[in-house]
Amino acid sequence: MLKRDGKFVERQNAPGTSQRLTETELAAYNAAFATIERDFHQIEDIKGQLEKLDRLPLEKSDSKSLETVTADGKDWNAHTALVNLPKSEILLCHDPKADQWAIIQQQNTAGRYTQAHGEVSVLLTGNSAREVVDEYSSQANHTLRFMARNLTAQAQSVVWEKYPDNNPSQVMHAISERCALAVDNSQTLEQRQDNERSIKQSRGMSI
């Protein structure tokens, strides 16, 4: 147990992590996390929706009952909604004539992206519904990991600037773990970290 001025300092679990922090470290952790909390919960929500895609039934629907979505000058039957994003919806669509599948993003705002690219855009196409859904899920998960690292960096600036005396490296270790666990479970995260360490070691080798 940590001692300070001859007295034992109690540690508490940092929310959402396996890290134990002192009272002052925990105060810094909570204050820094509050600055990224809204975006963090959005990542959690999107991750939860992506996890359901593996179990989503993708059987063909009756095309007569489907909404038509026009993208890139082509009409698609909207098969099912996959993911609801803050400013758009991701749809699985089907072209019965060509028997082709597509992942289409439909914007729900009148922002600059919509003005530049139109209200809908085709993200992926393929001959199999499962194929395009799995590829979209893979790409989206990659994006979420990037977003989680960005949140960690945002929190880091707060910790080091406002709480430099509260053991910022330990505080950041806890925040980094929480952000990483939002997009990967502990086993997957450990495997990913092992792979990254192996890559770094191999870069240091010469032949």
# chains A, B, ... in the order shown; residues from 1 in each chain; ligands from 1
>>> select_by_dssp(residues="stretch 6-177 of chain A", states="strand (DSSP E or B)", output="compact mmCIF listing (two decimals) with C-alpha atoms, in the first residue's frame")
# COMPACT_ATOMS: atom_id res chain seq x y z
CA LYS A 7 0.53 7.43 6.43
CA PHE A 8 -1.10 4.79 4.27
CA GLN A 12 -10.10 3.12 -5.11
CA ASN A 13 -11.12 1.52 -8.37
CA ARG A 20 -6.78 1.67 -8.49
CA LEU A 21 -6.19 5.38 -7.83
CA THR A 68 -36.38 2.78 -52.42
CA VAL A 69 -33.11 4.62 -51.87
CA THR A 70 -31.43 6.40 -54.77
CA ALA A 71 -27.64 6.62 -54.59
CA LYS A 74 -29.13 3.95 -58.99
CA ASP A 75 -32.23 2.74 -57.13
CA TRP A 76 -31.73 0.33 -54.23
CA ASN A 77 -34.23 -1.48 -52.03
CA ALA A 78 -33.56 -0.61 -48.38
CA HIS A 79 -33.32 -4.08 -46.85
CA THR A 80 -32.69 -3.19 -43.20
CA ALA A 81 -31.20 -0.49 -40.98
CA LEU A 82 -27.85 -1.50 -39.54
CA VAL A 83 -26.57 1.36 -37.40
CA ASN A 84 -27.99 4.67 -36.22
CA SER A 88 -26.87 9.54 -40.30
CA GLU A 89 -28.22 6.02 -40.68
CA ILE A 90 -26.41 3.04 -42.18
CA LEU A 91 -28.60 0.85 -44.38
CA LEU A 92 -28.17 -2.56 -45.98
CA CYS A 93 -29.65 -2.25 -49.48
CA HIS A 94 -30.26 -4.65 -52.35
CA ASP A 95 -30.51 -4.31 -56.12
CA GLN A 100 -26.06 -6.84 -55.70
CA TRP A 101 -25.84 -5.65 -52.10
CA ALA A 102 -24.67 -2.30 -50.78
CA ILE A 103 -23.99 -0.49 -47.53
CA ILE A 104 -25.49 2.98 -47.90
CA GLN A 105 -25.18 5.94 -45.56
CA GLN A 106 -28.20 8.23 -45.42
CA GLN A 107 -27.59 11.65 -43.91
CA VAL A 120 -27.04 9.32 -49.47
CA SER A 121 -23.74 7.70 -50.40
CA VAL A 122 -22.69 4.14 -51.20
CA LEU A 123 -19.97 2.93 -48.84
CA LEU A 124 -19.55 -0.68 -49.98
CA THR A 125 -20.96 -3.04 -52.58
CA GLY A 126 -20.76 -6.81 -53.02
>>> closest_residue(among="A:Pro86, A:Val171, A:Ser137, A:Ala182", to="A:Val158", atoms="only C-alpha atoms")
A:Val171
>>> closest_residue(among="A:Asn30, A:Glu67, A:Arg11, A:Thr22", to="A:Asn167", atoms="only C-alpha atoms")
A:Thr22
>>> atom_distance(atom1="atom CA of A:Gln154", atom2="atom CA of A:Gly48")
23.0 Å
>>> residues_around(residues="A:Phe33", least_positions_apart="2", cutoff="10 Å", atoms="only C-alpha atoms", output="list in words")
Ala27, Ala28, Tyr29, Asn30, Ala31, Thr35, Ile36, Glu37, Arg38, Phe40, Leu151, Thr152, Gln154, Ala155, Gln156, Val158, Val159, Met172, Ile175, Arg178 and Cys179 of chain A
>>> closest_residue(among="A:Glu23, A:Glu51, A:Asp184, A:Glu119", to="A:Phe146", atoms="only C-alpha atoms")
A:Asp184
>>> residues_around(residues="A:Ala140", least_positions_apart="4", cutoff="10 Å", atoms="only C-alpha atoms", output="number ranges by chain")
A: 46-47, 50, 134-136, 144-146
>>> write_last_selection(atoms="N, CA and C atoms", output="PDB file, in the first residue's frame")
ATOM      1  N   ILE A  46     -22.428   3.018 -30.434  1.00  0.00           N
ATOM      2  CA  ILE A  46     -22.148   2.508 -31.780  1.00  0.00           C
ATOM      3  C   ILE A  46     -21.540   1.112 -31.704  1.00  0.00           C
ATOM      4  N   LYS A  47     -20.627   0.905 -30.763  1.00  0.00           N
ATOM      5  CA  LYS A  47     -20.006  -0.410 -30.596  1.00  0.00           C
ATOM      6  C   LYS A  47     -21.070  -1.466 -30.284  1.00  0.00           C
ATOM      7  N   LEU A  50     -22.846  -2.360 -33.470  1.00  0.00           N
ATOM      8  CA  LEU A  50     -22.003  -3.177 -34.361  1.00  0.00           C
ATOM      9  C   LEU A  50     -21.950  -4.624 -33.895  1.00  0.00           C
ATOM     10  N   ASP A 134     -20.178  -7.650 -42.949  1.00  0.00           N
ATOM     11  CA  ASP A 134     -18.961  -7.955 -42.186  1.00  0.00           C
ATOM     12  C   ASP A 134     -17.845  -6.965 -42.510  1.00  0.00           C
ATOM     13  N   GLU A 135     -17.725  -6.580 -43.767  1.00  0.00           N
ATOM     14  CA  GLU A 135     -16.682  -5.624 -44.147  1.00  0.00           C
ATOM     15  C   GLU A 135     -16.968  -4.253 -43.542  1.00  0.00           C
ATOM     16  N   TYR A 136     -18.233  -3.843 -43.577  1.00  0.00           N
ATOM     17  CA  TYR A 136     -18.586  -2.570 -42.952  1.00  0.00           C
ATOM     18  C   TYR A 136     -18.280  -2.599 -41.463  1.00  0.00           C
ATOM     19  N   LEU A 144     -13.724   3.246 -34.808  1.00  0.00           N
ATOM     20  CA  LEU A 144     -13.998   3.449 -33.385  1.00  0.00           C
ATOM     21  C   LEU A 144     -12.717   3.414 -32.559  1.00  0.00           C
ATOM     22  N   ARG A 145     -11.798   2.530 -32.919  1.00  0.00           N
ATOM     23  CA  ARG A 145     -10.520   2.475 -32.186  1.00  0.00           C
ATOM     24  C   ARG A 145      -9.758   3.785 -32.360  1.00  0.00           C
ATOM     25  N   PHE A 146      -9.794   4.329 -33.565  1.00  0.00           N
ATOM     26  CA  PHE A 146      -9.141   5.613 -33.821  1.00  0.00           C
ATOM     27  C   PHE A 146      -9.804   6.714 -32.987  1.00  0.00           C
TER      28      PHE A 146
END
